[in-house]
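Visitor: One structure is given below, represented as structure tokens, and several questions about it will come after.
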Amino acid sequence: MKHTSLVTATALAAALSFAPLVSAKDDADKKKAPQAPAAITDEYRVGPGDKLRVEVYKDQQLSQSVQVRPDGKITLPLVGDMEATGRTPIELRDTIAKSLKDYINNPTVTVIVVEALASQIFVMGEVTHPGTMQLHGPTTILQALAMAGGFKEFANTKDVKVLRPNGSGIETIKFNYKDVINGDAKPFYLRSGDTVIVP
């Protein structure tokens with residue numbers, strides 16, 4: 001599992017460099033993103049206890065290794081306290097870069113998830129081994145279902161639901177296993193507290 005975390009950290013490091021110049025294509029991609037279903041575009045989101053490495057290019061004093069506190073925040077030089085929980089590493093990177101613009105010209109920021117604290121999710125219904133699971137790092141719903149032993153014979157794989165707590169109550173997200181198998185959907189990452197229900 002440690003090997004998986006290292007691979008994940010390396011992949012995140014390669015993907016999360018903040019470029020000061022944004023192309024027109026990037027602008028177009030950002031405008032299109034909100035139109036996609038949440039369940040399809042979801043990515044790993046930072047949670048309390050996660051260890052992060054924030055790198056500010058050519059500024060060792062601002063570059064920090066931080067751990068997300070139980071209140072969901074991190075503290076950085078110049079920026080101060082900042083909400084980290086619930087954000088993707090890319091969203092956190094952009095927020096840090098924006099905050100640093102008051103002090104630095106075109107800051108280049110990289111956010112790496114060095115270690116993700118074990119998160120707890122629940123899998124119930126028509127799976128071989130329903131129950132509570134500890135997740136160590138970013139985990140997709142497919143991986144969670146595999147750890148639960150896979151589907152039972154009469155499981156309705158087209159109507160899997162994820163119940164996700166949020167600030168206003170419980171959000172229900174639908175997941176179609178066959179769409180993923182057919183290559184029609186992107187990885188769907190689970191968050192701590194999610195309940196996966198297989199009818």
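Chain labels run A, B, ... following the order of the structure tokens; each chain numbers its residues from 1, and ligands are numbered from 1 in the order shown.
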Could you pull out all residues of region 135-195 of chain A with a DSSP call of alpha helix (DSSP H) and give them as an mmCIF file with N, CA and C atoms, in the first residue's frame?
Guide:
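Below is the file result.cif, written as the result:
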```
data_model
loop_
_atom_site.group_PDB
_atom_site.id
_atom_site.type_symbol
_atom_site.label_atom_id
_atom_site.label_comp_id
_atom_site.auth_asym_id
_atom_site.auth_seq_id
_atom_site.Cartn_x
_atom_site.Cartn_y
_atom_site.Cartn_z
ATOM 1 N N ILE A 141 -14.157 4.030 -6.566
ATOM 2 C CA ILE A 141 -15.266 3.159 -6.176
ATOM 3 C C ILE A 141 -15.033 1.741 -6.703
ATOM 4 N N LEU A 142 -14.390 1.605 -7.867
ATOM 5 C CA LEU A 142 -14.092 0.267 -8.396
ATOM 6 C C LEU A 142 -13.154 -0.491 -7.464
ATOM 7 N N GLN A 143 -12.154 0.207 -6.937
ATOM 8 C CA GLN A 143 -11.214 -0.431 -6.015
ATOM 9 C C GLN A 143 -11.922 -0.843 -4.725
ATOM 10 N N ALA A 144 -12.822 0.016 -4.239
ATOM 11 C CA ALA A 144 -13.565 -0.301 -3.018
ATOM 12 C C ALA A 144 -14.464 -1.512 -3.227
ATOM 13 N N LEU A 145 -15.121 -1.582 -4.374
ATOM 14 C CA LEU A 145 -15.984 -2.725 -4.668
ATOM 15 C C LEU A 145 -15.164 -4.010 -4.779
ATOM 16 N N ALA A 146 -13.974 -3.901 -5.333
ATOM 17 C CA ALA A 146 -13.095 -5.073 -5.424
ATOM 18 C C ALA A 146 -12.680 -5.533 -4.025
ATOM 19 N N MET A 147 -12.373 -4.576 -3.134
ATOM 20 C CA MET A 147 -11.992 -4.930 -1.761
ATOM 21 C C MET A 147 -13.165 -5.533 -0.995
ATOM 22 N N TYR A 177 -21.800 0.864 -13.045
ATOM 23 C CA TYR A 177 -20.591 0.042 -13.195
ATOM 24 C C TYR A 177 -20.327 -0.304 -14.661
ATOM 25 N N LYS A 178 -21.382 -0.563 -15.419
ATOM 26 C CA LYS A 178 -21.202 -0.992 -16.812
ATOM 27 C C LYS A 178 -20.657 0.138 -17.682
ATOM 28 N N ASP A 179 -20.998 1.395 -17.347
ATOM 29 C CA ASP A 179 -20.440 2.529 -18.093
ATOM 30 C C ASP A 179 -18.923 2.578 -17.943
ATOM 31 N N VAL A 180 -18.445 2.296 -16.724
ATOM 32 C CA VAL A 180 -17.004 2.321 -16.467
ATOM 33 C C VAL A 180 -16.315 1.190 -17.204
ATOM 34 N N ILE A 181 -16.903 0.007 -17.151
ATOM 35 C CA ILE A 181 -16.326 -1.164 -17.837
ATOM 36 C C ILE A 181 -16.230 -0.914 -19.340
#
```
Visitor: Using only C-alpha atoms, I'd like a table of the residues in region 66-148 of chain A that come within 8 Å of region 52-58 of chain A; for each, show the closest atom pair and its distance in Å rounded to one decimal, ordered by chain and ascending number, as a tab-separated table.
Guide:
```
residue	atom	partner	partner_atom	distance
A:Val66	CA	A:Leu52	CA	5.3
A:Gln67	CA	A:Leu52	CA	6.0
A:Val68	CA	A:Leu52	CA	7.7
A:Pro107	CA	A:Val56	CA	7.0
A:Thr108	CA	A:Tyr57	CA	5.4
A:Val109	CA	A:Val56	CA	4.7
A:Thr110	CA	A:Glu55	CA	5.1
A:Val111	CA	A:Val54	CA	4.8
A:Ile112	CA	A:Arg53	CA	5.1
A:Val113	CA	A:Leu52	CA	4.8
A:Val114	CA	A:Leu52	CA	5.3
A:Glu115	CA	A:Leu52	CA	7.0
```
Visitor: Please produce an output containing N, CA and C atoms for each residue in the selection, written as a CSV table (one decimal), in the first residue's frame.
Guide:
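Writing done, so here's out_24.csv:
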```
chain,number,residue,atom,x,y,z
A,66,VAL,N,3.3,20.4,5.3
A,66,VAL,CA,2.3,20.7,6.2
A,66,VAL,C,1.3,19.5,6.4
A,67,GLN,N,0.7,19.4,7.5
A,67,GLN,CA,-0.4,18.4,7.8
A,67,GLN,C,-1.7,19.1,8.0
A,68,VAL,N,-2.7,18.6,7.4
A,68,VAL,CA,-4.0,19.2,7.5
A,68,VAL,C,-4.5,19.0,9.0
A,107,PRO,N,3.5,33.7,-9.0
A,107,PRO,CA,4.0,32.5,-8.2
A,107,PRO,C,3.7,31.2,-8.9
A,108,THR,N,4.7,30.3,-8.9
A,108,THR,CA,4.5,29.0,-9.4
A,108,THR,C,4.4,28.0,-8.3
A,109,VAL,N,3.3,27.3,-8.1
A,109,VAL,CA,3.0,26.5,-6.9
A,109,VAL,C,2.8,25.1,-7.3
A,110,THR,N,3.3,24.1,-6.5
A,110,THR,CA,3.0,22.7,-6.7
A,110,THR,C,2.5,22.2,-5.4
A,111,VAL,N,1.4,21.4,-5.4
A,111,VAL,CA,0.9,20.8,-4.2
A,111,VAL,C,0.9,19.2,-4.4
A,112,ILE,N,1.6,18.6,-3.5
A,112,ILE,CA,1.8,17.1,-3.6
A,112,ILE,C,1.1,16.5,-2.3
A,113,VAL,N,0.3,15.5,-2.5
A,113,VAL,CA,-0.2,14.7,-1.4
A,113,VAL,C,0.8,13.6,-1.1
A,114,VAL,N,1.6,13.9,0.0
A,114,VAL,CA,2.7,13.0,0.4
A,114,VAL,C,2.1,11.8,1.1
A,115,GLU,N,1.2,12.0,1.9
A,115,GLU,CA,0.6,10.8,2.7
A,115,GLU,C,-0.9,11.2,3.0
```
Visitor: From the set A:Met82, A:Leu76, A:Leu117, A:Ala148, which residue has the shortest atom-to-atom contact distance to Thr132 (chain A), counting only C-alpha atoms?
Guide: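 Ranking A:Met82, A:Leu76, A:Leu117, A:Ala148 by distance to Thr132 (chain A), first place goes to A:Ala148.
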Visitor: Using only C-alpha atoms, which of the listed residues (A:Ile104, A:Val46, A:Leu163, A:Val127) sits closest to Lys73 (chain A)?
Guide: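 Looking only at the distances to Lys73 (chain A), the closest residue turns out to be A:Val46.
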Visitor: What is the distance, in Å and to one decimal place, between CA of Pro89 (chain A) and CA of Asn105 (chain A)?
Guide: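 We find that CA of Pro89 (chain A) and CA of Asn105 (chain A) lie 21.7 Å from each other.
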Visitor: In Å, how far is it from CA of Val198 (chain A) to CA of Ala155 (chain A)?
Guide: 6.6 Å
Visitor: Show which residues sit within 9 Å of region 185-192 of chain A, as a list in words. Count only C-alpha atoms, and ignore same-chain residues fewer than 5 positions away.
Guide: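 Here the answer would be Ala39, Ile40, Thr41, Asp42, Glu43, Tyr44, Arg45, Val46, Gly47, Gly86, Ala118, Ser119, Gln120, Ile121, Gln134, Leu135, Pro138, Thr139, Thr140, Ile141, Leu142, Ala144, Val162, Arg164, Phe175, Asn176, Asp179 and Val180 of chain A.
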Visitor: Output the selection as a CSV table (one decimal), in the first residue's frame - N, CA, C and O atoms for each residue.
Guide:
```
chain,number,residue,atom,x,y,z
A,39,ALA,N,-20.2,13.1,-10.4
A,39,ALA,CA,-19.8,11.7,-10.1
A,39,ALA,C,-18.7,11.3,-11.1
A,39,ALA,O,-17.9,10.5,-10.9
A,40,ILE,N,-18.7,11.9,-12.3
A,40,ILE,CA,-17.8,11.5,-13.4
A,40,ILE,C,-16.4,12.2,-13.2
A,40,ILE,O,-15.4,11.7,-13.4
A,41,THR,N,-16.5,13.5,-12.8
A,41,THR,CA,-15.2,14.3,-12.8
A,41,THR,C,-14.6,14.4,-11.4
A,41,THR,O,-13.6,15.0,-11.2
A,42,ASP,N,-15.2,13.7,-10.5
A,42,ASP,CA,-14.7,13.7,-9.1
A,42,ASP,C,-13.2,13.3,-9.0
A,42,ASP,O,-12.9,12.3,-9.6
A,43,GLU,N,-12.5,13.9,-8.1
A,43,GLU,CA,-11.1,13.6,-7.9
A,43,GLU,C,-10.8,13.4,-6.4
A,43,GLU,O,-11.7,13.8,-5.6
A,44,TYR,N,-9.6,13.0,-6.1
A,44,TYR,CA,-9.3,12.9,-4.7
A,44,TYR,C,-9.3,14.2,-4.0
A,44,TYR,O,-8.8,15.2,-4.5
A,45,ARG,N,-9.9,14.3,-2.8
A,45,ARG,CA,-10.0,15.6,-2.1
A,45,ARG,C,-9.3,15.4,-0.8
A,45,ARG,O,-9.4,14.4,-0.1
A,46,VAL,N,-8.6,16.5,-0.4
A,46,VAL,CA,-7.8,16.5,0.8
A,46,VAL,C,-8.7,16.4,2.0
A,46,VAL,O,-9.8,17.0,2.1
A,47,GLY,N,-8.2,15.7,3.1
A,47,GLY,CA,-9.0,15.6,4.3
A,47,GLY,C,-8.1,15.8,5.5
A,47,GLY,O,-6.8,15.8,5.4
A,86,GLY,N,-11.7,19.1,1.6
A,86,GLY,CA,-12.7,19.1,0.6
A,86,GLY,C,-12.3,19.6,-0.7
A,86,GLY,O,-13.0,19.6,-1.7
A,118,ALA,N,-5.7,7.4,6.6
A,118,ALA,CA,-6.7,6.4,6.3
A,118,ALA,C,-8.1,6.9,6.5
A,118,ALA,O,-8.4,7.5,7.5
A,119,SER,N,-8.9,6.8,5.5
A,119,SER,CA,-10.3,7.3,5.6
A,119,SER,C,-11.2,6.1,5.7
A,119,SER,O,-10.9,5.0,5.3
A,120,GLN,N,-12.4,6.3,6.3
A,120,GLN,CA,-13.3,5.2,6.5
A,120,GLN,C,-14.5,5.4,5.6
A,120,GLN,O,-15.1,6.5,5.5
A,121,ILE,N,-14.9,4.3,4.9
A,121,ILE,CA,-16.1,4.3,4.1
A,121,ILE,C,-16.9,3.1,4.4
A,121,ILE,O,-16.4,2.2,5.1
A,134,GLN,N,-11.2,0.7,5.6
A,134,GLN,CA,-10.2,1.8,5.8
A,134,GLN,C,-9.5,2.0,4.5
A,134,GLN,O,-9.0,1.1,3.9
A,135,LEU,N,-9.5,3.3,4.0
A,135,LEU,CA,-8.9,3.6,2.8
A,135,LEU,C,-7.6,4.3,3.1
A,135,LEU,O,-7.5,5.3,3.8
A,138,PRO,N,-5.8,7.9,-2.1
A,138,PRO,CA,-6.9,8.0,-3.1
A,138,PRO,C,-7.4,6.6,-3.5
A,138,PRO,O,-6.6,5.8,-3.9
A,139,THR,N,-8.7,6.4,-3.5
A,139,THR,CA,-9.3,5.1,-3.8
A,139,THR,C,-10.6,5.3,-4.6
A,139,THR,O,-11.4,6.1,-4.3
A,140,THR,N,-10.7,4.6,-5.8
A,140,THR,CA,-11.9,4.8,-6.6
A,140,THR,C,-12.9,3.8,-6.1
A,140,THR,O,-12.7,2.9,-5.3
A,141,ILE,N,-14.2,4.0,-6.6
A,141,ILE,CA,-15.3,3.2,-6.2
A,141,ILE,C,-15.0,1.7,-6.7
A,141,ILE,O,-15.4,0.8,-6.0
A,142,LEU,N,-14.4,1.6,-7.9
A,142,LEU,CA,-14.1,0.3,-8.4
A,142,LEU,C,-13.2,-0.5,-7.5
A,142,LEU,O,-13.3,-1.7,-7.2
A,144,ALA,N,-12.8,0.0,-4.2
A,144,ALA,CA,-13.6,-0.3,-3.0
A,144,ALA,C,-14.5,-1.5,-3.2
A,144,ALA,O,-14.6,-2.4,-2.4
A,162,VAL,N,-23.9,6.2,-4.2
A,162,VAL,CA,-23.0,6.7,-3.1
A,162,VAL,C,-23.7,7.8,-2.3
A,162,VAL,O,-24.1,8.8,-2.9
A,164,ARG,N,-23.2,10.6,0.2
A,164,ARG,CA,-22.0,11.5,0.6
A,164,ARG,C,-22.5,12.6,1.5
A,164,ARG,O,-23.3,13.5,1.1
A,175,PHE,N,-24.0,5.7,-9.7
A,175,PHE,CA,-22.8,5.1,-10.4
A,175,PHE,C,-23.2,3.9,-11.2
A,175,PHE,O,-23.9,3.0,-10.6
A,176,ASN,N,-22.9,3.9,-12.4
A,176,ASN,CA,-23.2,2.8,-13.3
A,176,ASN,C,-21.9,2.0,-13.6
A,176,ASN,O,-21.0,2.5,-14.4
A,179,ASP,N,-21.0,1.4,-17.3
A,179,ASP,CA,-20.4,2.5,-18.1
A,179,ASP,C,-18.9,2.6,-17.9
A,179,ASP,O,-18.2,2.9,-18.9
A,180,VAL,N,-18.4,2.3,-16.7
A,180,VAL,CA,-17.0,2.3,-16.5
A,180,VAL,C,-16.3,1.2,-17.2
A,180,VAL,O,-15.3,1.4,-17.8
```
Visitor: So, counting only C-alpha atoms, which residue among A:Gly125, A:Pro199, A:Gly80, A:Gly137 is closest to Asp50 (chain A)?
Guide: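 That would be A:Gly137, the residue with the smallest distance to Asp50 (chain A).
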Visitor: Considering only C-alpha atoms, can you say which of A:Lys161, A:His136, A:Lys152, A:Lys101 comes closest to Gly49 (chain A)?
Guide: A:His136
Visitor: Under the rule that only C-alpha atoms are counted, which of A:Phe154, A:Pro77, A:Thr195, A:Gln60 is the nearest residue to Thr128 (chain A)?
Guide: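 Nearest candidate to Thr128 (chain A) out of A:Phe154, A:Pro77, A:Thr195, A:Gln60: A:Phe154.
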Visitor: What are the DSSP strand (DSSP E) residues of region 35-160 of chain A, as an MDAnalysis selection string?
Guide: chainID A and resid 51:56 64:67 73:76 80:83 109:115 119:125 131:135 160
